[in-house]
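A short worksheet on the structure shown next.
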Amino acid sequence: MHPLRHPRNAIFVGAVFSALGLLYLGIQTVAGWPHVDYAGTTMLILLGVAMSILFYVLIAGSPND
Amino acid sequence: MTADSHALTTSTGEQSPVAGLTHDARGGISNVVLGMLLFLTSEVMFFGGLFAAYFNVRANAPHWPTINPESITAANPAGEQFQLAILPLVGPATVLLILSSFTCQYAVWAIRRGDRTAFLRNIGVTFAIGVTFLLMQATDYVALANEGLTLSAGTYGTTYFTLTGFHGAHVFGGAIMLGVVLYRGLAGQFSARHHDAVEAVSLYWHFVDVVWILLFSLLYLLPGK
């Protein structure tokens, strides 16, 4: 049995990384850092997208029995 | 992988929760689709690196787009920024590429229900649109080069051509895949039960489409500074 009822829900695990990226950007903006790390923010957000696909594959690709 | 690897229902007879894709009879994903999904995962990070570089260069540049060196004259020592035109080529090319995602998906739906005629028609249209997009991009490159925007025209030219060039290379790869799928379809190699390659290529094509929408938004719609 899948650990999640629907494999599609697994993308929310990956979305945690994207949320971290947005939080990282928010902290830099609110704190008024002189140099905003756009590269790091981009990589974190897109890592979330990649992880979402990967978690979907891990869950959906597993046999039911 | 079993002989029933394309069944969309589980061994217990329940509808698979991920029935939109081809799956193993026990609920897994077919090898072809699994491989494509993992490949796309790596592609997300590949383009992520390019986007990250773009944002970093853009954030650190005093002007964006940068100044066109050819526009600096005695009468205008400050010069003018590079400008990208959505019309007459890039805008229609974007619409075409988005349209091709729909035709590609229609092809997938057609082969899932065993309608080979509709499948061939839609995959043929998708292939033709892909080739048209590449021709339009090549024409746009020539027009930009005539205006002084080349790969060696500073950071702006480098990032623009690196991003759009790698995307174009992916469209080229996708067009080859679509051509192979079209050829195999004409040979009658796909059916409602056996069409893993169609599913995998459609995933790739949708990915390429989404990347272009992001690129178009960044390069053409995001205001400069």
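Here's how to read the names in the structure tokens: chain A, B, ... by the order shown, residue numbers from 1 in each chain, ligand numbers from 1 in the order shown.
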| said: Need to verify the contact set: range 16-29 of chain A, 6 Å, only C-alpha atoms, exclusion of same-chain residues closer than 5 positions in sequence. Can you return it as a PyMOL selection string? | reply: chain A and resi 41+44-45+48
Taking C-alpha atoms for each residue, export the selection above as an mmCIF file, in the first residue's frame.
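Dumped to again-v1.cif:
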data_model
loop_
_atom_site.group_PDB
_atom_site.id
_atom_site.type_symbol
_atom_site.label_atom_id
_atom_site.label_comp_id
_atom_site.auth_asym_id
_atom_site.auth_seq_id
_atom_site.Cartn_x
_atom_site.Cartn_y
_atom_site.Cartn_z
ATOM 1 C CA THR A 41 16.713 31.408 -4.445
ATOM 2 C CA LEU A 44 16.023 26.263 -4.213
ATOM 3 C CA ILE A 45 12.664 26.910 -5.888
ATOM 4 C CA GLY A 48 11.453 21.891 -5.184
#
| said: Using only C-alpha atoms and a cut-off of 6 Å, which residues of chain B sit close to chain A? Please list them as a VMD selection string. | reply: chain B and resid 26 to 29 41 44 48 52 55 to 56
For the selection you just gave me, I'd like the residues written to a file as a short mmCIF file (atom, residue, chain, number, x, y, z; two decimals), in the first residue's frame, keeping N, CA and C atoms.
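The resulting result.cif:
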data_model
loop_
_atom_site.label_atom_id
_atom_site.label_comp_id
_atom_site.auth_asym_id
_atom_site.auth_seq_id
_atom_site.Cartn_x
_atom_site.Cartn_y
_atom_site.Cartn_z
N ARG B 26 0.79 -3.97 -11.45
CA ARG B 26 0.73 -3.94 -9.99
C ARG B 26 0.69 -2.51 -9.46
N GLY B 27 0.64 -1.52 -10.35
CA GLY B 27 0.50 -0.14 -9.90
C GLY B 27 1.71 0.72 -10.15
N GLY B 28 2.81 0.17 -10.68
CA GLY B 28 4.00 0.96 -10.93
C GLY B 28 3.91 1.72 -12.24
N ILE B 29 4.98 2.47 -12.55
CA ILE B 29 5.04 3.22 -13.81
C ILE B 29 5.86 2.41 -14.79
N THR B 41 13.49 15.40 -14.38
CA THR B 41 13.94 15.91 -13.08
C THR B 41 15.33 16.54 -13.20
N VAL B 44 15.14 19.85 -15.10
CA VAL B 44 14.68 20.99 -14.28
C VAL B 44 15.88 21.66 -13.62
N GLY B 48 17.50 25.16 -14.23
CA GLY B 48 17.59 25.92 -12.99
C GLY B 48 18.92 26.64 -12.88
N ALA B 52 19.35 30.60 -12.77
CA ALA B 52 20.05 31.19 -11.62
C ALA B 52 21.15 32.14 -12.11
N PHE B 55 19.52 35.36 -13.43
CA PHE B 55 19.08 36.28 -12.37
C PHE B 55 20.26 36.96 -11.70
N ASN B 56 21.33 36.21 -11.51
CA ASN B 56 22.51 36.77 -10.84
C ASN B 56 23.15 37.87 -11.69
#
| request: Might you pull out every residue within 12 Å of Thr150 in chain B, with only C-alpha atoms counted and same-chain residues fewer than 2 positions away left off, and present them as number ranges by chain? | output: B: 68-70, 82, 140-148, 152-162, 165
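Atom pair CA of Leu221 in chain B / CA of Ile86 in chain B has a distance of 9.1 Å (rounded to one decimal).
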| request: Would you list, as number ranges by chain, the residues of range 12-216 of chain B that end up in alpha helix (DSSP H) under DSSP run on this structure's backbone? | output: B: 31-60, 91-112, 116-146, 154-186, 196-216
| request: For Leu203 in chain B, work out the shell of residues within 8 Å, counting only C-alpha atoms and skipping chain neighbours fewer than 3 positions away, then give it as a PyMOL selection string. | output: chain B and resi 36-37+199-200+206-207
Writing out the chosen residues with N, CA and C atoms as an mmCIF file, in the first residue's frame:
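Output saved as selection01.cif:
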data_model
loop_
_atom_site.group_PDB
_atom_site.id
_atom_site.type_symbol
_atom_site.label_atom_id
_atom_site.label_comp_id
_atom_site.auth_asym_id
_atom_site.auth_seq_id
_atom_site.Cartn_x
_atom_site.Cartn_y
_atom_site.Cartn_z
ATOM 1 N N MET B 36 11.748 8.776 -18.478
ATOM 2 C CA MET B 36 11.534 10.150 -18.933
ATOM 3 C C MET B 36 11.308 11.098 -17.758
ATOM 4 N N LEU B 37 10.557 10.658 -16.757
ATOM 5 C CA LEU B 37 10.316 11.509 -15.594
ATOM 6 C C LEU B 37 11.621 11.807 -14.851
ATOM 7 N N GLU B 199 3.505 8.516 -24.608
ATOM 8 C CA GLU B 199 3.345 9.156 -23.298
ATOM 9 C C GLU B 199 4.634 9.871 -22.883
ATOM 10 N N ALA B 200 5.764 9.197 -23.085
ATOM 11 C CA ALA B 200 7.054 9.774 -22.666
ATOM 12 C C ALA B 200 7.382 11.024 -23.476
ATOM 13 N N HIS B 206 5.691 18.767 -23.214
ATOM 14 C CA HIS B 206 5.055 19.695 -22.266
ATOM 15 C C HIS B 206 6.122 20.423 -21.445
ATOM 16 N N PHE B 207 7.158 19.699 -21.061
ATOM 17 C CA PHE B 207 8.239 20.312 -20.284
ATOM 18 C C PHE B 207 8.912 21.426 -21.088
#
| field | Residue neighbourhood Cys104 in chain B, 8 Å, only C-alpha atoms, exclusion window fewer than 2 positions, as a ChimeraX atom specification | value | /B:100-102,106-108,122-123,126,202,205
Take the residues just selected and output them with N, CA and C atoms as an mmCIF file, in the first residue's frame.
data_model
loop_
_atom_site.group_PDB
_atom_site.id
_atom_site.type_symbol
_atom_site.label_atom_id
_atom_site.label_comp_id
_atom_site.auth_asym_id
_atom_site.auth_seq_id
_atom_site.Cartn_x
_atom_site.Cartn_y
_atom_site.Cartn_z
ATOM 1 N N SER B 100 0.988 23.652 -29.699
ATOM 2 C CA SER B 100 1.511 22.308 -29.972
ATOM 3 C C SER B 100 1.386 21.393 -28.755
ATOM 4 N N SER B 101 1.396 21.988 -27.552
ATOM 5 C CA SER B 101 1.202 21.159 -26.352
ATOM 6 C C SER B 101 -0.206 20.564 -26.359
ATOM 7 N N PHE B 102 -1.165 21.363 -26.808
ATOM 8 C CA PHE B 102 -2.544 20.868 -26.879
ATOM 9 C C PHE B 102 -2.658 19.744 -27.912
ATOM 10 N N TYR B 106 -3.765 15.941 -27.307
ATOM 11 C CA TYR B 106 -4.877 15.330 -28.054
ATOM 12 C C TYR B 106 -4.415 14.005 -28.682
ATOM 13 N N ALA B 107 -3.164 13.999 -29.153
ATOM 14 C CA ALA B 107 -2.618 12.768 -29.742
ATOM 15 C C ALA B 107 -2.560 11.654 -28.697
ATOM 16 N N VAL B 108 -2.134 12.018 -27.485
ATOM 17 C CA VAL B 108 -2.052 11.021 -26.406
ATOM 18 C C VAL B 108 -3.443 10.481 -26.082
ATOM 19 N N ASN B 122 -2.772 14.497 -35.060
ATOM 20 C CA ASN B 122 -2.328 15.429 -34.024
ATOM 21 C C ASN B 122 -0.818 15.379 -33.811
ATOM 22 N N ILE B 123 -0.234 14.201 -33.866
ATOM 23 C CA ILE B 123 1.219 14.125 -33.659
ATOM 24 C C ILE B 123 1.942 14.735 -34.865
ATOM 25 N N THR B 126 1.794 18.473 -34.363
ATOM 26 C CA THR B 126 2.754 18.848 -33.308
ATOM 27 C C THR B 126 4.173 18.889 -33.863
ATOM 28 N N SER B 202 5.318 12.996 -24.989
ATOM 29 C CA SER B 202 4.393 14.092 -24.658
ATOM 30 C C SER B 202 4.827 14.776 -23.359
ATOM 31 N N TRP B 205 7.622 17.043 -24.288
ATOM 32 C CA TRP B 205 7.162 18.199 -25.064
ATOM 33 C C TRP B 205 6.477 19.236 -24.168
#
| What does the distance between CA of Tyr54 in chain B and CA of Ile72 in chain B come to in Å, to one decimal place? |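 Rounded to one decimal, the two atoms are 24.7 Å apart.
Atom pair CA of Val57 in chain B / CA of Pro223 in chain B: separated by 15.2 Å.
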| field | Test item, strand (DSSP E) assignment across range 2-191 of chain B, answer as a VMD selection string | value | chain B and resid 67 to 68 80 to 81
Could you write out the selected residues, including N, CA and C atoms, as a PDB file, in the first residue's frame?
ATOM      1  N   ILE B  67      23.700  48.074 -22.482  1.00  0.00           N
ATOM      2  CA  ILE B  67      23.822  49.053 -23.557  1.00  0.00           C
ATOM      3  C   ILE B  67      24.380  48.377 -24.814  1.00  0.00           C
ATOM      4  N   ASN B  68      23.763  48.678 -25.947  1.00  0.00           N
ATOM      5  CA  ASN B  68      24.259  48.171 -27.228  1.00  0.00           C
ATOM      6  C   ASN B  68      25.479  48.994 -27.639  1.00  0.00           C
ATOM      7  N   GLU B  80      22.191  53.232 -26.308  1.00  0.00           N
ATOM      8  CA  GLU B  80      20.833  52.760 -26.029  1.00  0.00           C
ATOM      9  C   GLU B  80      20.858  51.284 -25.639  1.00  0.00           C
ATOM     10  N   GLN B  81      19.888  50.902 -24.837  1.00  0.00           N
ATOM     11  CA  GLN B  81      19.810  49.503 -24.398  1.00  0.00           C
ATOM     12  C   GLN B  81      19.346  48.608 -25.545  1.00  0.00           C
TER      13      GLN B  81
END
| task | Find the residues around range 172-186 of chain B up to 6 Å (only C-alpha atoms counted), leave out those fewer than 3 positions away in its own chain, and share them as a PyMOL selection string. | result | chain B and resi 127+130+169+189-190
